[in-house]
Amino acid sequence: MLTSVVAPILVIGVLIFFHELGHFLAAKRAGIRVEAFSIGFGPAIVSVARGETVYKLAWIPFGGYVKMSGEDPEEPGETADEPWRFHRKSVPVRSGVILAGPVANILLAVILYALLFYVFGIERIGTTRIGEVVPDSPAGRGGLRAGDTIVEVNGRKVANWEEIGRALGKKSEGARLVVAREGERVAATIVVGGEGGDAFGIVPDVDAVVGEVLPRGPAEMAGLRKGDRILDVDGRAIAGWTDLRRTVEGKPGETVSIRFERDGAVREETVVLEEAEEKDAGGAVRKVGRLQVAPLQERVRLGAAAALSEGVRQTVWVMRNVIEFLRVLLSGGVSADMVGGPVSIFHISGESARRGADTLLALLAFLSVQLGMLNLLPIPVLDGGHMLFLGIEAVRRKPLSVKQRLVLQQLGLAFILLVMVTVTVFDVGRLLR
């Protein structure tokens, strides 16, 4: 219970601290006087004055702020012309101070991912053998088959599934593959349909060993654990993870018997499979069964340089996914189950903390990227909104009037509050299901 409360507060506090620290350091470097540095809103739990700045920890944890002299022209004396006031600095300097917050979050994500890969390692699928080829996919049309082992992609040898994904992701037109099939080497030229192996239409052939058990899913309810090797489902022998997935998908909502091996002993449990809906390539909806487990992947610890490089790569990947999510959101293709707010963050943070420091670290990095990216949206009261004001000022050669800024900020605040209330309703609804 204590973990469920402390972990979310820690996660939110760290994200806010580094975001505001970015603004603070950039302002100091630009010679702007910072009057307050606050983590949280409302009355202060504790505050300390050091020089010109009051440092505060406040009661309401959902946010924070850095108050700079001359930032708010509505306050008395804020329009004075001392050189250390925010409004006296040039547009590029002020832009740098505003952008420093989101940049700090993105840099934090790189560091956290690098630390994760250096200390705990990176999960990798150690095979290049194909377990399934998606029908009518680029791989399927190119003649690849289940059981093929990919040896080379575009002249480079590949040793694991991650290397295959990277090699395929670098080609937008076509890829030349060499696969081992029944003792022979077969060449194929495939038109790549997207980035990585999944979009390519191939699924790795991995053993039916449980690597992750999702919280409150059928597997957890039945007592399955990480490391369990699934032997059969309802008496049907399971050859690998693809076979397990296909078998489970064909039994939506059914009660099945699962035999598995744990620590050398064979056990058997009864599991009520989850029933879910899934769209096929043609858009048709079908019902499928879910066990809510993920396959076991090997962990490989990286050296410092490799961990940092992988941290950059992972951060960029998350940034691309945030951009794609926003694109789909604007097109109306996002469902209520795909969005979350403070309640979801609290819930997921607590769950992550219970699953281990590595899971919590990965969540912190992921949320840090999201906070940095979403703050760049051109909505007044967000950093992107301030950048919008500065862009207008650069074009007009003069800033917006106080009244204009106030109206836009009120509209922006109303929009943010509406979004927060909406996602909170969605969050509570999911928890009550």
# chains A, B, ... in the order shown; residues from 1 in each chain; ligands from 1
>>> select_by_dssp(residues="segment 70-115 of chain A", states="alpha helix (DSSP H)", output="list in words")
Val91, Pro92, Val93, Arg94, Ser95, Gly96, Val97, Ile98, Leu99, Ala100, Gly101, Pro102, Val103, Ala104, Asn105, Ile106, Leu107, Leu108, Ala109, Val110, Ile111, Leu112, Tyr113, Ala114 and Leu115 of chain A
>>> residues_around(residues="Arg181 of chain A", least_positions_apart="5", cutoff="9 Å", atoms="only C-alpha atoms", output="VMD selection string")
chain A and resid 145 147 to 149 186
>>> atom_distance(atom1="atom CA of Ala307 of chain A", atom2="atom CA of Ile111 of chain A")
9.2 Å
>>> select_by_dssp(residues="segment 14-206 of chain A", states="strand (DSSP E or B)", output="JSON list (two decimals) with N, CA and C atoms, in the first residue's frame")
[["chain", "number", "residue", "atom", "x", "y", "z"],
["A", 34, "VAL", "N", 15.39, 34.78, -10.93],
["A", 34, "VAL", "CA", 14.36, 33.79, -10.61],
["A", 34, "VAL", "C", 13.89, 34.03, -9.18],
["A", 35, "GLU", "N", 12.60, 34.33, -9.04],
["A", 35, "GLU", "CA", 12.05, 34.66, -7.72],
["A", 35, "GLU", "C", 11.57, 33.43, -6.97],
["A", 36, "ALA", "N", 11.11, 32.40, -7.69],
["A", 36, "ALA", "CA", 10.61, 31.21, -7.01],
["A", 36, "ALA", "C", 10.84, 29.96, -7.86],
["A", 37, "PHE", "N", 11.17, 28.87, -7.20],
["A", 37, "PHE", "CA", 11.30, 27.55, -7.80],
["A", 37, "PHE", "C", 10.43, 26.62, -6.96],
["A", 38, "SER", "N", 9.29, 26.19, -7.54],
["A", 38, "SER", "CA", 8.33, 25.43, -6.75],
["A", 38, "SER", "C", 8.03, 24.08, -7.40],
["A", 39, "ILE", "N", 8.05, 23.03, -6.59],
["A", 39, "ILE", "CA", 7.58, 21.72, -7.00],
["A", 39, "ILE", "C", 6.21, 21.55, -6.35],
["A", 40, "GLY", "N", 5.16, 21.56, -7.19],
["A", 40, "GLY", "CA", 3.80, 21.53, -6.69],
["A", 40, "GLY", "C", 3.20, 22.92, -6.65],
["A", 41, "PHE", "N", 1.88, 22.94, -6.45],
["A", 41, "PHE", "CA", 1.14, 24.20, -6.37],
["A", 41, "PHE", "C", 0.51, 24.34, -4.98],
["A", 42, "GLY", "N", 0.03, 25.54, -4.70],
["A", 42, "GLY", "CA", -0.69, 25.76, -3.45],
["A", 42, "GLY", "C", 0.26, 26.11, -2.31],
["A", 43, "PRO", "N", -0.25, 26.01, -1.06],
["A", 43, "PRO", "CA", 0.56, 26.35, 0.11],
["A", 43, "PRO", "C", 1.81, 25.49, 0.21],
["A", 44, "ALA", "N", 2.87, 26.07, 0.71],
["A", 44, "ALA", "CA", 4.15, 25.36, 0.79],
["A", 44, "ALA", "C", 4.19, 24.41, 1.98],
["A", 45, "ILE", "N", 4.68, 23.21, 1.75],
["A", 45, "ILE", "CA", 4.98, 22.29, 2.85],
["A", 45, "ILE", "C", 6.24, 22.77, 3.55],
["A", 46, "VAL", "N", 7.21, 23.16, 2.73],
["A", 46, "VAL", "CA", 8.46, 23.72, 3.23],
["A", 46, "VAL", "C", 8.99, 24.69, 2.20],
["A", 47, "SER", "N", 9.60, 25.76, 2.64],
["A", 47, "SER", "CA", 10.20, 26.73, 1.72],
["A", 47, "SER", "C", 11.50, 27.26, 2.32],
["A", 48, "VAL", "N", 12.46, 27.50, 1.45],
["A", 48, "VAL", "CA", 13.77, 28.01, 1.87],
["A", 48, "VAL", "C", 14.18, 29.12, 0.92],
["A", 49, "ALA", "N", 14.60, 30.25, 1.47],
["A", 49, "ALA", "CA", 15.07, 31.38, 0.67],
["A", 49, "ALA", "C", 16.58, 31.32, 0.57],
["A", 50, "ARG", "N", 17.08, 31.35, -0.67],
["A", 50, "ARG", "CA", 18.52, 31.38, -0.93],
["A", 50, "ARG", "C", 18.78, 32.47, -1.96],
["A", 53, "THR", "N", 16.08, 33.78, -4.70],
["A", 53, "THR", "CA", 15.09, 32.75, -5.03],
["A", 53, "THR", "C", 14.54, 32.07, -3.78],
["A", 54, "VAL", "N", 13.21, 31.83, -3.79],
["A", 54, "VAL", "CA", 12.56, 31.03, -2.76],
["A", 54, "VAL", "C", 12.28, 29.65, -3.34],
["A", 55, "TYR", "N", 12.81, 28.61, -2.71],
["A", 55, "TYR", "CA", 12.61, 27.24, -3.15],
["A", 55, "TYR", "C", 11.51, 26.62, -2.31],
["A", 56, "LYS", "N", 10.49, 26.04, -2.99],
["A", 56, "LYS", "CA", 9.32, 25.55, -2.28],
["A", 56, "LYS", "C", 8.95, 24.13, -2.71],
["A", 57, "LEU", "N", 8.41, 23.40, -1.73],
["A", 57, "LEU", "CA", 7.75, 22.13, -1.99],
["A", 57, "LEU", "C", 6.31, 22.32, -1.53],
["A", 58, "ALA", "N", 5.36, 22.26, -2.47],
["A", 58, "ALA", "CA", 3.96, 22.59, -2.17],
["A", 58, "ALA", "C", 3.10, 21.33, -2.08],
["A", 59, "TRP", "N", 1.88, 21.51, -1.60],
["A", 59, "TRP", "CA", 1.00, 20.39, -1.28],
["A", 59, "TRP", "C", 0.40, 19.71, -2.51],
["A", 60, "ILE", "N", 0.09, 20.45, -3.56],
["A", 60, "ILE", "CA", -0.56, 19.86, -4.73],
["A", 60, "ILE", "C", 0.52, 19.42, -5.71],
["A", 61, "PRO", "N", 0.73, 18.10, -5.88],
["A", 61, "PRO", "CA", 1.91, 17.61, -6.61],
["A", 61, "PRO", "C", 1.82, 17.63, -8.12],
["A", 62, "PHE", "N", 0.66, 17.99, -8.69],
["A", 62, "PHE", "CA", 0.48, 17.87, -10.14],
["A", 62, "PHE", "C", 1.02, 19.08, -10.89],
["A", 63, "GLY", "N", 2.31, 19.33, -10.80],
["A", 63, "GLY", "CA", 2.89, 20.45, -11.53],
["A", 63, "GLY", "C", 3.95, 21.16, -10.72],
["A", 64, "GLY", "N", 4.40, 22.26, -11.25],
["A", 64, "GLY", "CA", 5.40, 23.08, -10.60],
["A", 64, "GLY", "C", 5.65, 24.31, -11.45],
["A", 65, "TYR", "N", 6.48, 25.20, -11.00],
["A", 65, "TYR", "CA", 6.74, 26.41, -11.77],
["A", 65, "TYR", "C", 8.03, 27.07, -11.33],
["A", 66, "VAL", "N", 8.58, 27.85, -12.26],
["A", 66, "VAL", "CA", 9.70, 28.76, -11.99],
["A", 66, "VAL", "C", 9.19, 30.16, -12.28],
["A", 67, "LYS", "N", 9.17, 31.01, -11.28],
["A", 67, "LYS", "CA", 8.69, 32.38, -11.45],
["A", 67, "LYS", "C", 9.88, 33.30, -11.70],
["A", 68, "MET", "N", 9.90, 33.92, -12.88],
["A", 68, "MET", "CA", 10.99, 34.81, -13.26],
["A", 68, "MET", "C", 10.52, 36.26, -13.23],
["A", 122, "ILE", "N", 19.38, -4.85, -21.40],
["A", 122, "ILE", "CA", 18.31, -4.66, -22.38],
["A", 122, "ILE", "C", 17.75, -6.01, -22.78],
["A", 123, "GLU", "N", 16.43, -6.09, -22.89],
["A", 123, "GLU", "CA", 15.80, -7.35, -23.28],
["A", 123, "GLU", "C", 15.93, -7.56, -24.78],
["A", 124, "ARG", "N", 16.35, -8.76, -25.15],
["A", 124, "ARG", "CA", 16.52, -9.07, -26.56],
["A", 124, "ARG", "C", 15.99, -10.46, -26.85],
["A", 129, "ARG", "N", 15.04, -17.01, -36.03],
["A", 129, "ARG", "CA", 14.15, -17.98, -36.66],
["A", 129, "ARG", "C", 12.72, -17.44, -36.68],
["A", 130, "ILE", "N", 12.05, -17.54, -37.81],
["A", 130, "ILE", "CA", 10.69, -17.03, -37.98],
["A", 130, "ILE", "C", 9.68, -18.04, -37.45],
["A", 131, "GLY", "N", 8.82, -17.59, -36.54],
["A", 131, "GLY", "CA", 7.79, -18.47, -36.00],
["A", 131, "GLY", "C", 6.48, -18.36, -36.75],
["A", 132, "GLU", "N", 6.24, -17.19, -37.34],
["A", 132, "GLU", "CA", 4.98, -16.97, -38.05],
["A", 132, "GLU", "C", 5.19, -15.88, -39.10],
["A", 133, "VAL", "N", 4.56, -16.04, -40.24],
["A", 133, "VAL", "CA", 4.54, -15.03, -41.29],
["A", 133, "VAL", "C", 3.10, -14.57, -41.45],
["A", 149, "THR", "N", 15.19, -19.32, -41.03],
["A", 149, "THR", "CA", 16.11, -18.59, -40.15],
["A", 149, "THR", "C", 16.80, -17.50, -40.96],
["A", 150, "ILE", "N", 16.60, -16.27, -40.56],
["A", 150, "ILE", "CA", 17.20, -15.15, -41.29],
["A", 150, "ILE", "C", 18.68, -15.07, -40.96],
["A", 151, "VAL", "N", 19.49, -15.10, -41.99],
["A", 151, "VAL", "CA", 20.95, -15.11, -41.82],
["A", 151, "VAL", "C", 21.54, -13.73, -42.10],
["A", 152, "GLU", "N", 21.06, -13.09, -43.19],
["A", 152, "GLU", "CA", 21.59, -11.78, -43.58],
["A", 152, "GLU", "C", 20.45, -10.86, -44.00],
["A", 153, "VAL", "N", 20.65, -9.56, -43.74],
["A", 153, "VAL", "CA", 19.75, -8.53, -44.24],
["A", 153, "VAL", "C", 20.61, -7.47, -44.91],
["A", 156, "ARG", "N", 24.39, -7.83, -44.42],
["A", 156, "ARG", "CA", 24.93, -7.85, -43.06],
["A", 156, "ARG", "C", 24.35, -9.02, -42.30],
["A", 157, "LYS", "N", 25.23, -9.77, -41.63],
["A", 157, "LYS", "CA", 24.77, -10.89, -40.82],
["A", 157, "LYS", "C", 24.01, -10.38, -39.60],
["A", 175, "ALA", "N", 14.40, -4.80, -49.21],
["A", 175, "ALA", "CA", 15.46, -5.41, -48.42],
["A", 175, "ALA", "C", 15.83, -6.75, -49.03],
["A", 176, "ARG", "N", 17.12, -7.01, -49.07],
["A", 176, "ARG", "CA", 17.61, -8.29, -49.59],
["A", 176, "ARG", "C", 17.94, -9.20, -48.42],
["A", 177, "LEU", "N", 17.28, -10.33, -48.36],
["A", 177, "LEU", "CA", 17.46, -11.26, -47.25],
["A", 177, "LEU", "C", 18.05, -12.57, -47.73],
["A", 178, "VAL", "N", 18.79, -13.19, -46.84],
["A", 178, "VAL", "CA", 19.25, -14.57, -47.04],
["A", 178, "VAL", "C", 18.73, -15.36, -45.85],
["A", 179, "VAL", "N", 17.99, -16.47, -46.14],
["A", 179, "VAL", "CA", 17.44, -17.29, -45.06],
["A", 179, "VAL", "C", 17.91, -18.72, -45.22],
["A", 180, "ALA", "N", 18.05, -19.37, -44.07],
["A", 180, "ALA", "CA", 18.36, -20.81, -44.08],
["A", 180, "ALA", "C", 17.05, -21.57, -44.04],
["A", 181, "ARG", "N", 16.87, -22.47, -45.03],
["A", 181, "ARG", "CA", 15.61, -23.23, -45.13],
["A", 181, "ARG", "C", 15.93, -24.67, -45.53],
["A", 184, "GLU", "N", 19.38, -25.39, -46.83],
["A", 184, "GLU", "CA", 19.84, -24.58, -47.95],
["A", 184, "GLU", "C", 19.70, -23.09, -47.64],
["A", 185, "ARG", "N", 20.43, -22.28, -48.39],
["A", 185, "ARG", "CA", 20.32, -20.83, -48.27],
["A", 185, "ARG", "C", 19.49, -20.30, -49.43],
["A", 186, "VAL", "N", 18.48, -19.50, -49.07],
["A", 186, "VAL", "CA", 17.55, -18.98, -50.07],
["A", 186, "VAL", "C", 17.57, -17.46, -50.00],
["A", 187, "ALA", "N", 17.69, -16.81, -51.17],
["A", 187, "ALA", "CA", 17.71, -15.35, -51.23],
["A", 187, "ALA", "C", 16.32, -14.83, -51.57],
["A", 188, "ALA", "N", 15.98, -13.67, -51.02],
["A", 188, "ALA", "CA", 14.68, -13.04, -51.30],
["A", 188, "ALA", "C", 14.83, -11.53, -51.24],
["A", 189, "THR", "N", 14.12, -10.84, -52.13],
["A", 189, "THR", "CA", 14.06, -9.39, -52.09],
["A", 189, "THR", "C", 12.64, -8.99, -51.71],
["A", 190, "ILE", "N", 12.51, -8.28, -50.60],
["A", 190, "ILE", "CA", 11.21, -7.99, -50.01],
["A", 190, "ILE", "C", 10.98, -6.49, -49.95],
["A", 202, "ILE", "N", 6.61, -10.51, -39.84],
["A", 202, "ILE", "CA", 7.20, -11.74, -39.31],
["A", 202, "ILE", "C", 7.20, -11.69, -37.79],
["A", 203, "VAL", "N", 7.04, -12.87, -37.19],
["A", 203, "VAL", "CA", 7.02, -13.02, -35.74],
["A", 203, "VAL", "C", 8.11, -14.02, -35.36],
["A", 204, "PRO", "N", 8.92, -13.71, -34.34],
["A", 204, "PRO", "CA", 10.01, -14.62, -33.98],
["A", 204, "PRO", "C", 9.51, -15.93, -33.39]]
>>> decode(residues="segment 39-67 of chain A", atoms="N, CA and C atoms", output="compact mmCIF listing (two decimals), in the first residue's frame")
# COMPACT_ATOMS: atom_id res chain seq x y z
N ILE A 39 8.05 23.03 -6.59
CA ILE A 39 7.58 21.72 -7.00
C ILE A 39 6.21 21.55 -6.35
N GLY A 40 5.16 21.56 -7.19
CA GLY A 40 3.80 21.53 -6.69
C GLY A 40 3.20 22.92 -6.65
N PHE A 41 1.88 22.94 -6.45
CA PHE A 41 1.14 24.20 -6.37
C PHE A 41 0.51 24.34 -4.98
N GLY A 42 0.03 25.54 -4.70
CA GLY A 42 -0.69 25.76 -3.45
C GLY A 42 0.26 26.11 -2.31
N PRO A 43 -0.25 26.01 -1.06
CA PRO A 43 0.56 26.35 0.11
C PRO A 43 1.81 25.49 0.21
N ALA A 44 2.87 26.07 0.71
CA ALA A 44 4.15 25.36 0.79
C ALA A 44 4.19 24.41 1.98
N ILE A 45 4.68 23.21 1.75
CA ILE A 45 4.98 22.29 2.85
C ILE A 45 6.24 22.77 3.55
N VAL A 46 7.21 23.16 2.73
CA VAL A 46 8.46 23.72 3.23
C VAL A 46 8.99 24.69 2.20
N SER A 47 9.60 25.76 2.64
CA SER A 47 10.20 26.73 1.72
C SER A 47 11.50 27.26 2.32
N VAL A 48 12.46 27.50 1.45
CA VAL A 48 13.77 28.01 1.87
C VAL A 48 14.18 29.12 0.92
N ALA A 49 14.60 30.25 1.47
CA ALA A 49 15.07 31.38 0.67
C ALA A 49 16.58 31.32 0.57
N ARG A 50 17.08 31.35 -0.67
CA ARG A 50 18.52 31.38 -0.93
C ARG A 50 18.78 32.47 -1.96
N GLY A 51 19.41 33.55 -1.52
CA GLY A 51 19.67 34.66 -2.43
C GLY A 51 18.37 35.29 -2.90
N GLU A 52 18.21 35.40 -4.21
CA GLU A 52 17.03 36.05 -4.78
C GLU A 52 15.87 35.08 -4.99
N THR A 53 16.08 33.78 -4.70
CA THR A 53 15.09 32.75 -5.03
C THR A 53 14.54 32.07 -3.78
N VAL A 54 13.21 31.83 -3.79
CA VAL A 54 12.56 31.03 -2.76
C VAL A 54 12.28 29.65 -3.34
N TYR A 55 12.81 28.61 -2.71
CA TYR A 55 12.61 27.24 -3.15
C TYR A 55 11.51 26.62 -2.31
N LYS A 56 10.49 26.04 -2.99
CA LYS A 56 9.32 25.55 -2.28
C LYS A 56 8.95 24.13 -2.71
N LEU A 57 8.41 23.40 -1.73
CA LEU A 57 7.75 22.13 -1.99
C LEU A 57 6.31 22.32 -1.53
N ALA A 58 5.36 22.26 -2.47
CA ALA A 58 3.96 22.59 -2.17
C ALA A 58 3.10 21.33 -2.08
N TRP A 59 1.88 21.51 -1.60
CA TRP A 59 1.00 20.39 -1.28
C TRP A 59 0.40 19.71 -2.51
N ILE A 60 0.09 20.45 -3.56
CA ILE A 60 -0.56 19.86 -4.73
C ILE A 60 0.52 19.42 -5.71
N PRO A 61 0.73 18.10 -5.88
CA PRO A 61 1.91 17.61 -6.61
C PRO A 61 1.82 17.63 -8.12
N PHE A 62 0.66 17.99 -8.69
CA PHE A 62 0.48 17.87 -10.14
C PHE A 62 1.02 19.08 -10.89
N GLY A 63 2.31 19.33 -10.80
CA GLY A 63 2.89 20.45 -11.53
C GLY A 63 3.95 21.16 -10.72
N GLY A 64 4.40 22.26 -11.25
CA GLY A 64 5.40 23.08 -10.60
C GLY A 64 5.65 24.31 -11.45
N TYR A 65 6.48 25.20 -11.00
CA TYR A 65 6.74 26.41 -11.77
C TYR A 65 8.03 27.07 -11.33
N VAL A 66 8.58 27.85 -12.26
CA VAL A 66 9.70 28.76 -11.99
C VAL A 66 9.19 30.16 -12.28
N LYS A 67 9.17 31.01 -11.28
CA LYS A 67 8.69 32.38 -11.45
C LYS A 67 9.88 33.30 -11.70
